[in-house]
Each structure stands twice: as C-alpha cells, then as structure tokens.
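K.L.:
Below you'll find model-v6.pdb; it's PDB, C-alpha atoms.
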```
ATOM      1  CA  GLY A   1      37.296  75.740-117.258
ATOM      2  CA  ALA A   2      40.473  73.835-116.749
ATOM      3  CA  VAL A   3      42.710  73.226-119.731
ATOM      4  CA  VAL A   4      44.192  69.929-120.771
ATOM      5  CA  SER A   5      46.648  69.978-123.624
ATOM      6  CA  GLN A   6      47.308  66.859-125.666
ATOM      7  CA  HIS A   7      49.997  66.480-128.307
ATOM      8  CA  PRO A   8      50.369  65.619-131.071
ATOM      9  CA  SER A   9      46.893  66.163-132.484
ATOM     10  CA  TRP A  10      47.552  63.739-135.287
ATOM     11  CA  VAL A  11      50.357  61.402-136.270
ATOM     12  CA  ILE A  12      51.047  58.987-139.081
ATOM     13  CA  CYS A  13      53.658  56.349-138.441
ATOM     14  CA  LYS A  14      54.991  53.211-140.028
ATOM     15  CA  SER A  15      54.018  49.818-138.723
ATOM     16  CA  GLY A  16      56.443  48.613-136.067
ATOM     17  CA  THR A  17      57.424  52.023-134.760
ATOM     18  CA  SER A  18      56.472  53.547-131.408
ATOM     19  CA  VAL A  19      54.467  56.700-130.847
ATOM     20  CA  LYS A  20      54.355  58.817-127.704
ATOM     21  CA  ILE A  21      51.351  60.976-126.857
ATOM     22  CA  GLU A  22      51.541  63.631-124.148
ATOM     23  CA  CYS A  23      48.757  64.916-121.964
ATOM     24  CA  ARG A  24      49.320  67.989-119.807
ATOM     25  CA  SER A  25      47.066  69.738-117.346
ATOM     26  CA  LEU A  26      47.935  73.391-117.745
ATOM     27  CA  ASP A  27      46.278  75.117-114.826
ATOM     28  CA  PHE A  28      45.610  72.477-112.232
ATOM     29  CA  GLN A  29      47.249  69.453-110.699
ATOM     30  CA  ALA A  30      45.791  66.271-112.065
ATOM     31  CA  THR A  31      45.995  63.518-109.510
ATOM     32  CA  THR A  32      44.373  61.142-111.939
ATOM     33  CA  MET A  33      44.535  60.953-115.705
ATOM     34  CA  PHE A  34      42.585  58.649-117.943
ATOM     35  CA  TRP A  35      43.411  57.384-121.397
ATOM     36  CA  TYR A  36      40.631  56.510-123.807
ATOM     37  CA  ARG A  37      40.489  55.095-127.286
ATOM     38  CA  GLN A  38      37.682  55.752-129.699
ATOM     39  CA  PHE A  39      37.125  53.873-132.923
ATOM     40  CA  PRO A  40      34.929  55.389-135.659
ATOM     41  CA  LYS A  41      31.263  55.626-134.719
ATOM     42  CA  GLN A  42      31.914  54.188-131.281
ATOM     43  CA  SER A  43      32.061  55.737-127.855
ATOM     44  CA  LEU A  44      35.109  56.290-125.740
ATOM     45  CA  MET A  45      36.569  53.149-124.252
ATOM     46  CA  LEU A  46      38.684  53.536-121.153
ATOM     47  CA  MET A  47      42.112  52.018-121.645
ATOM     48  CA  ALA A  48      43.812  52.825-118.385
ATOM     49  CA  THR A  49      43.801  55.026-115.341
ATOM     50  CA  SER A  50      47.032  56.568-114.164
ATOM     51  CA  ASN A  51      47.738  58.104-110.800
ATOM     52  CA  GLU A  52      50.754  60.306-110.288
ATOM     53  CA  GLY A  53      53.719  58.365-109.026
ATOM     54  CA  SER A  54      52.206  54.910-109.292
ATOM     55  CA  LYS A  55      51.634  52.267-111.931
ATOM     56  CA  ALA A  56      48.696  52.641-114.243
ATOM     57  CA  THR A  57      45.620  50.475-113.871
ATOM     58  CA  TYR A  58      44.697  48.909-117.188
ATOM     59  CA  GLU A  59      41.250  47.842-118.309
ATOM     60  CA  GLN A  60      40.661  44.251-119.221
ATOM     61  CA  GLY A  61      41.898  43.473-122.703
ATOM     62  CA  VAL A  62      44.355  46.359-122.887
ATOM     63  CA  GLU A  63      47.960  45.197-123.168
ATOM     64  CA  LYS A  64      50.054  47.089-120.654
ATOM     65  CA  ASP A  65      53.279  46.169-122.433
ATOM     66  CA  LYS A  66      51.982  47.621-125.650
ATOM     67  CA  PHE A  67      50.434  50.783-124.237
ATOM     68  CA  LEU A  68      52.984  52.203-121.831
ATOM     69  CA  ILE A  69      51.703  54.885-119.510
ATOM     70  CA  ASN A  70      53.880  57.155-117.439
ATOM     71  CA  HIS A  71      52.496  59.707-114.985
ATOM     72  CA  ALA A  72      55.666  61.147-113.524
ATOM     73  CA  SER A  73      54.244  64.466-112.363
ATOM     74  CA  LEU A  74      50.930  66.008-111.408
ATOM     75  CA  THR A  75      50.717  67.795-114.736
ATOM     76  CA  LEU A  76      51.984  65.278-117.271
ATOM     77  CA  SER A  77      51.025  61.805-118.379
ATOM     78  CA  THR A  78      52.300  60.059-121.485
ATOM     79  CA  LEU A  79      50.953  57.152-123.483
ATOM     80  CA  THR A  80      53.402  55.285-125.703
ATOM     81  CA  VAL A  81      52.015  52.929-128.305
ATOM     82  CA  THR A  82      54.846  50.468-128.858
ATOM     83  CA  SER A  83      55.364  48.554-132.076
ATOM     84  CA  ALA A  84      52.246  50.109-133.554
ATOM     85  CA  HIS A  85      50.226  48.198-136.118
ATOM     86  CA  PRO A  86      47.404  49.312-138.424
ATOM     87  CA  GLU A  87      44.791  47.954-136.006
ATOM     88  CA  ASP A  88      46.078  50.460-133.424
ATOM     89  CA  SER A  89      44.918  53.304-135.658
ATOM     90  CA  SER A  90      42.369  55.168-133.609
ATOM     91  CA  PHE A  91      41.511  58.393-131.820
ATOM     92  CA  TYR A  92      43.252  58.525-128.444
ATOM     93  CA  ILE A  93      41.983  60.986-125.853
ATOM     94  CA  CYS A  94      43.244  61.773-122.393
ATOM     95  CA  SER A  95      41.326  63.348-119.609
ATOM     96  CA  ALA A  96      42.451  64.757-116.312
ATOM     97  CA  THR A  97      40.719  65.475-113.076
ATOM     98  CA  ASP A  98      41.654  66.777-109.682
ATOM     99  CA  THR A  99      38.413  66.059-107.870
ATOM    100  CA  LEU A 100      37.291  62.852-109.526
ATOM    101  CA  THR A 101      34.103  64.573-110.562
ATOM    102  CA  GLU A 102      34.193  66.530-113.797
ATOM    103  CA  ALA A 103      36.815  65.428-116.290
ATOM    104  CA  PHE A 104      38.587  67.755-118.677
ATOM    105  CA  PHE A 105      39.621  66.341-122.003
ATOM    106  CA  GLY A 106      42.597  66.849-124.205
ATOM    107  CA  GLN A 107      42.034  67.602-127.861
ATOM    108  CA  GLY A 108      42.704  64.021-128.831
ATOM    109  CA  THR A 109      45.325  62.393-131.026
ATOM    110  CA  ARG A 110      44.405  60.759-134.284
ATOM    111  CA  LEU A 111      46.867  57.954-134.880
ATOM    112  CA  THR A 112      47.193  56.349-138.277
ATOM    113  CA  VAL A 113      49.554  53.424-138.654
ATOM    114  CA  VAL A 114      50.485  52.570-142.225
TER     115      VAL A 114
ATOM    116  CA  ARG B 115      29.586  45.569-113.915
ATOM    117  CA  LYS B 116      28.814  49.254-114.188
ATOM    118  CA  GLU B 117      26.904  50.119-117.359
ATOM    119  CA  VAL B 118      25.512  53.211-118.915
ATOM    120  CA  GLU B 119      23.011  52.694-121.690
ATOM    121  CA  GLN B 120      21.890  55.121-124.360
ATOM    122  CA  ASP B 121      19.874  54.854-127.539
ATOM    123  CA  PRO B 122      22.500  55.404-130.251
ATOM    124  CA  GLY B 123      19.998  56.962-132.655
ATOM    125  CA  PRO B 124      20.426  58.699-134.973
ATOM    126  CA  PHE B 125      17.634  61.044-134.031
ATOM    127  CA  ASN B 126      16.651  63.097-137.063
ATOM    128  CA  VAL B 127      14.819  66.189-135.867
ATOM    129  CA  PRO B 128      13.624  69.276-137.777
ATOM    130  CA  GLU B 129      15.093  72.590-136.780
ATOM    131  CA  GLY B 130      13.066  74.286-134.069
ATOM    132  CA  ALA B 131      11.688  71.078-132.631
ATOM    133  CA  THR B 132      12.111  69.798-129.097
ATOM    134  CA  VAL B 133      13.994  66.570-128.610
ATOM    135  CA  ALA B 134      14.728  64.518-125.526
ATOM    136  CA  PHE B 135      16.747  61.431-124.842
ATOM    137  CA  ASN B 136      17.434  59.323-121.820
ATOM    138  CA  CYS B 137      20.302  57.415-120.375
ATOM    139  CA  THR B 138      20.021  54.598-117.861
ATOM    140  CA  TYR B 139      22.707  53.521-115.442
ATOM    141  CA  SER B 140      23.028  50.286-113.544
ATOM    142  CA  ASN B 141      25.023  51.282-110.487
ATOM    143  CA  SER B 142      22.674  52.655-107.857
ATOM    144  CA  ALA B 143      25.654  54.060-105.957
ATOM    145  CA  SER B 144      26.506  56.452-108.787
ATOM    146  CA  GLN B 145      27.146  59.903-107.468
ATOM    147  CA  SER B 146      27.692  62.334-110.323
ATOM    148  CA  PHE B 147      26.118  62.615-113.728
ATOM    149  CA  PHE B 148      26.999  64.616-116.769
ATOM    150  CA  TRP B 149      26.054  65.204-120.352
ATOM    151  CA  TYR B 150      28.960  65.699-122.724
ATOM    152  CA  ARG B 151      28.746  66.778-126.323
ATOM    153  CA  GLN B 152      31.105  65.403-128.930
ATOM    154  CA  ASP B 153      31.405  66.762-132.428
ATOM    155  CA  CYS B 154      32.788  64.600-135.179
ATOM    156  CA  ARG B 155      36.524  64.031-134.787
ATOM    157  CA  LYS B 156      36.696  66.243-131.707
ATOM    158  CA  GLU B 157      37.127  65.628-128.018
ATOM    159  CA  PRO B 158      34.053  65.497-125.773
ATOM    160  CA  LYS B 159      33.139  68.724-124.055
ATOM    161  CA  LEU B 160      31.042  69.117-120.962
ATOM    162  CA  LEU B 161      27.558  70.280-121.805
ATOM    163  CA  MET B 162      26.128  70.264-118.327
ATOM    164  CA  SER B 163      26.192  68.491-115.025
ATOM    165  CA  VAL B 164      22.985  66.869-113.868
ATOM    166  CA  TYR B 165      21.715  67.744-110.424
ATOM    167  CA  SER B 166      19.185  65.884-108.326
ATOM    168  CA  SER B 167      16.714  68.741-108.516
ATOM    169  CA  GLY B 168      17.101  69.072-112.254
ATOM    170  CA  ASN B 169      18.790  71.981-113.921
ATOM    171  CA  GLU B 170      18.391  74.167-116.932
ATOM    172  CA  ASP B 171      20.878  76.024-119.074
ATOM    173  CA  GLY B 172      19.259  78.025-121.810
ATOM    174  CA  ARG B 173      17.555  75.630-124.194
ATOM    175  CA  PHE B 174      18.932  72.594-122.392
ATOM    176  CA  THR B 175      17.293  70.877-119.428
ATOM    177  CA  ALA B 176      18.788  67.934-117.583
ATOM    178  CA  GLN B 177      16.994  65.765-115.080
ATOM    179  CA  LEU B 178      17.918  62.910-112.795
ATOM    180  CA  ASN B 179      15.604  60.164-111.637
ATOM    181  CA  ARG B 180      17.399  58.152-108.989
ATOM    182  CA  ALA B 181      14.505  55.813-108.327
ATOM    183  CA  SER B 182      14.436  54.649-111.932
ATOM    184  CA  GLN B 183      18.158  55.209-112.437
ATOM    185  CA  TYR B 184      18.095  57.390-115.492
ATOM    186  CA  ILE B 185      19.025  60.865-116.556
ATOM    187  CA  SER B 186      17.530  62.828-119.373
ATOM    188  CA  LEU B 187      18.469  65.692-121.645
ATOM    189  CA  LEU B 188      15.879  67.886-123.317
ATOM    190  CA  ILE B 189      16.738  70.362-126.035
ATOM    191  CA  ARG B 190      14.176  73.010-126.939
ATOM    192  CA  ASP B 191      14.050  75.059-130.131
ATOM    193  CA  SER B 192      16.778  72.915-131.650
ATOM    194  CA  LYS B 193      19.390  74.556-133.869
ATOM    195  CA  LEU B 194      21.405  73.130-136.712
ATOM    196  CA  SER B 195      24.474  73.575-134.518
ATOM    197  CA  ASP B 196      23.019  71.163-131.969
ATOM    198  CA  SER B 197      23.849  68.302-134.319
ATOM    199  CA  ALA B 198      26.379  66.184-132.445
ATOM    200  CA  THR B 199      26.741  63.069-130.365
ATOM    201  CA  TYR B 200      25.593  63.436-126.783
ATOM    202  CA  LEU B 201      27.384  61.286-124.252
ATOM    203  CA  CYS B 202      25.904  60.339-120.935
ATOM    204  CA  VAL B 203      28.626  60.097-118.304
ATOM    205  CA  VAL B 204      28.363  58.662-114.830
ATOM    206  CA  ASN B 205      30.834  58.816-111.984
ATOM    207  CA  SER B 206      30.237  56.073-109.496
ATOM    208  CA  GLY B 207      32.686  57.558-107.082
ATOM    209  CA  GLY B 208      34.987  54.610-107.309
ATOM    210  CA  GLY B 209      38.174  56.635-107.416
ATOM    211  CA  ALA B 210      40.348  54.765-109.830
ATOM    212  CA  ASP B 211      37.289  53.564-111.722
ATOM    213  CA  GLY B 212      36.920  56.962-113.277
ATOM    214  CA  LEU B 213      33.980  57.891-115.417
ATOM    215  CA  THR B 214      31.737  55.517-117.312
ATOM    216  CA  PHE B 215      30.584  56.683-120.705
ATOM    217  CA  GLY B 216      27.497  55.731-122.602
ATOM    218  CA  LYS B 217      27.949  54.971-126.279
ATOM    219  CA  GLY B 218      26.358  58.282-127.150
ATOM    220  CA  THR B 219      23.208  59.405-128.902
ATOM    221  CA  HIS B 220      23.688  60.827-132.360
ATOM    222  CA  LEU B 221      21.466  63.837-133.014
ATOM    223  CA  ILE B 222      20.952  65.327-136.463
ATOM    224  CA  ILE B 223      19.043  68.588-136.771
ATOM    225  CA  GLN B 224      17.634  69.029-140.245
ATOM    226  CA  PRO B 225      16.848  72.366-141.875
TER     227      PRO B 225
END
```
Using structure tokens, write down the structure that the file contains.
P.N.:
Amino acid sequence: GAVVSQHPSWVICKSGTSVKIECRSLDFQATTMFWYRQFPKQSLMLMATSNEGSKATYEQGVEKDKFLINHASLTLSTLTVTSAHPEDSSFYICSATDTLTEAFFGQGTRLTVV
Amino acid sequence: RKEVEQDPGPFNVPEGATVAFNCTYSNSASQSFFWYRQDCRKEPKLLMSVYSSGNEDGRFTAQLNRASQYISLLIRDSKLSDSATYLCVVNSGGGADGLTFGKGTHLIIQP
C-alpha cells in the first residue's frame, strides 16, 4: 500500500514554543491531507482538511491561528502547533489520499508540552 | 450532522471464540466503508474495506446493510494478537469532508 511518512514521531517541548510536524506521501500525490488529534482512550478527531495550494478547512472548535497548516506541494503538508501549552499534548496523526476513498496514515506524532 | 456510532466496549473474549461488532452510520448517502485497526499508541491501519455484497479475508468477515445503515465485522477463531481497537470509518463522498471515524470498539482477547 501507499506510504505516508510523518515526522517527528515524538517531541517534547516547553510551553510557549512552536512545534512543526511534517507529513509526506512517499509514492503517490496526495491531493488532500487530513490532520487528526487523538487524546488517550478517544478516537481520532479531525482537525482540518488541507488541499494542495489552497487554505486548509478547519473543523469547528479548532483554532486556525494556533494550528497552522501548509500544503505547499502534492507530497508534503505541515502542521505547526504555535505557542504550545500542556493541554495541546496529544497524538497527532496525518492521513493522505489521492482518491478520497481509502486513507493512508502517517505513524503519528506524540506531542508532550511541559 | 454525519455520525458514526460504535459500542466502545471493551469486549473481553476468550481466545478461539468468535466475536462480532456493528457500527451504524447516519448519512444514507455514504459511499465507502472501512474497518481500521488501531493498536495502542500506533496509527490506524486499514483492516478491510466493506463491500455491498460482503467480503471475507481469512478469519475476518465484513458486511454492509444499507437498508439499516450499519456495517459489521466478525472475527472467527480469535487470536491474542487480535486485541486492538477497531475503528469503523465511513466516507460520505463529500470531498473535503474526508472520512468520519467511529470512536472505536476495544477488543481484548484473553488466553
């Protein structure tokens, strides 16, 4: 199956700093990428949908100024958590698709803000 | 509002048993259906797509009931390694709407 690479796999940062997470589709062109957040013992919650070359569409309740998404090419999308706080600690997962059917997931990034 | 509902469990099942769980969806226009498996602290991985005629992959059988708007997953001869969270995923074909995930059903296979 298609491969989606997400980096870093885990990061610990100080409160108030910004963290950038990258999501790359390695063997296909991802017209659409999705960013999810998953808190312990909960399911994935869609944060935003990004289409290459256009602004991301954010879900209700997700601050677009705090979670900056850039999808500059068909193989790369980035999520930047700005001014991170402990409540932003979570598991962030990206997924990419070219056909809007099956989604391929990155390995996830475990963010801990201290 | 599109919703996908699953029983969160946990389902505690002895090794070798057969277990089944359902997932209901609210959007009758939904087009594609999937079961994903997620292990603790890992990303979800596609287990199988669900086809209208039902499909089987080894010990796993998936079925779709459009009239009642639910999909099901049946696991036969369960193994310890089947312990995981099973996510029901629905694509309503809304383009930018992406996929809608159920909250997952937690399955524990006991020796």
K.L.:
Could you expand the ChimeraX specification (/A :<10) & /B into the explicit residues it covers here, written as a ChimeraX atom specification?
P.N.:
/B:122,145-148,152,154-160,162-163,199,201,203-220
K.L.:
With the PyMOL selection byres ((chain B and resi 179-184) around 6) as the selection, what would be picked from this file? Answer as a list in words, please.
P.N.:
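With the PyMOL selection byres ((chain B and resi 179-184) around 6) on this model, the match is Cys137, Thr138, Tyr139, Leu178 and Ile185 of chain B.
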K.L.:
Give me a file of those residues, with C-alpha atoms, as a PDB file, in the coordinates of the input.
P.N.:
```
ATOM      1  CA  CYS B 137      20.302  57.415-120.375  1.00  0.00           C
ATOM      2  CA  THR B 138      20.021  54.598-117.861  1.00  0.00           C
ATOM      3  CA  TYR B 139      22.707  53.521-115.442  1.00  0.00           C
ATOM      4  CA  LEU B 178      17.918  62.910-112.795  1.00  0.00           C
ATOM      5  CA  ILE B 185      19.025  60.865-116.556  1.00  0.00           C
TER       6      ILE B 185
END
```
K.L.:
How far is it from atom CA of A:Lys55 to atom CA of A:Pro8, in Å with one decimal?
P.N.:
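Computed distance, atom CA of A:Lys55 to atom CA of A:Pro8, equals 23.4 Å.
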K.L.:
Which distance in Å separates atom CA of A:Cys13 and atom CA of A:Leu111, to one decimal?
P.N.:
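Atom CA of A:Cys13 sits 7.8 Å away from atom CA of A:Leu111.
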K.L.:
May I ask for the distance between atom CA of A:Thr75 and atom CA of A:Val11, given in Å to one decimal place?
P.N.:
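Atom CA of A:Val11 lies at a distance of 22.5 Å from atom CA of A:Thr75.
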K.L.:
Which neighbours of B:Asp191 fall inside 10 Å, counting only C-alpha atoms, when residues of the same chain fewer than 3 positions from it are skipped, and could you give them as a list in words?
P.N.:
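These residues fall inside the cut-off: Pro128, Glu129, Gly130, Ala131, Thr132, Val133, Arg173, Phe174 and Asp196 of chain B.
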K.L.:
For each of A:Asn70, A:Ser15, A:Ser9, A:Gln60, take the minimum atom-to-atom distance to A:Thr82, counting all atoms listed in the file, then give the residue where this is smallest.
P.N.:
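When distances to A:Thr82 are compared using all atoms listed in the file, the smallest one comes from A:Ser15.
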K.L.:
Kindly compute an axis-aligned box around the listed atoms of stretch 168-178 of chain B, allowing 8 Å on each side, and express its centre and edge lengths in Å to one decimal as JSON.
P.N.:
```
{"center_x": 18.9, "center_y": 70.5, "center_z": -118.2, "size_x": 19.9, "size_y": 31.1, "size_z": 27.9}
```
K.L.:
For the file shown, what are the residues hit by the PyMOL selection byres ((chain A and resi 53) around 6), laid out as a ChimeraX atom specification?
P.N.:
/A:52,54,72
K.L.:
Restricting the calculation to only C-alpha atoms: of B:Val127, B:Ile223, B:Leu187, B:Leu194, which residue gets closest to B:Tyr150?
P.N.:
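The answer is B:Leu187, which sits nearest to B:Tyr150.
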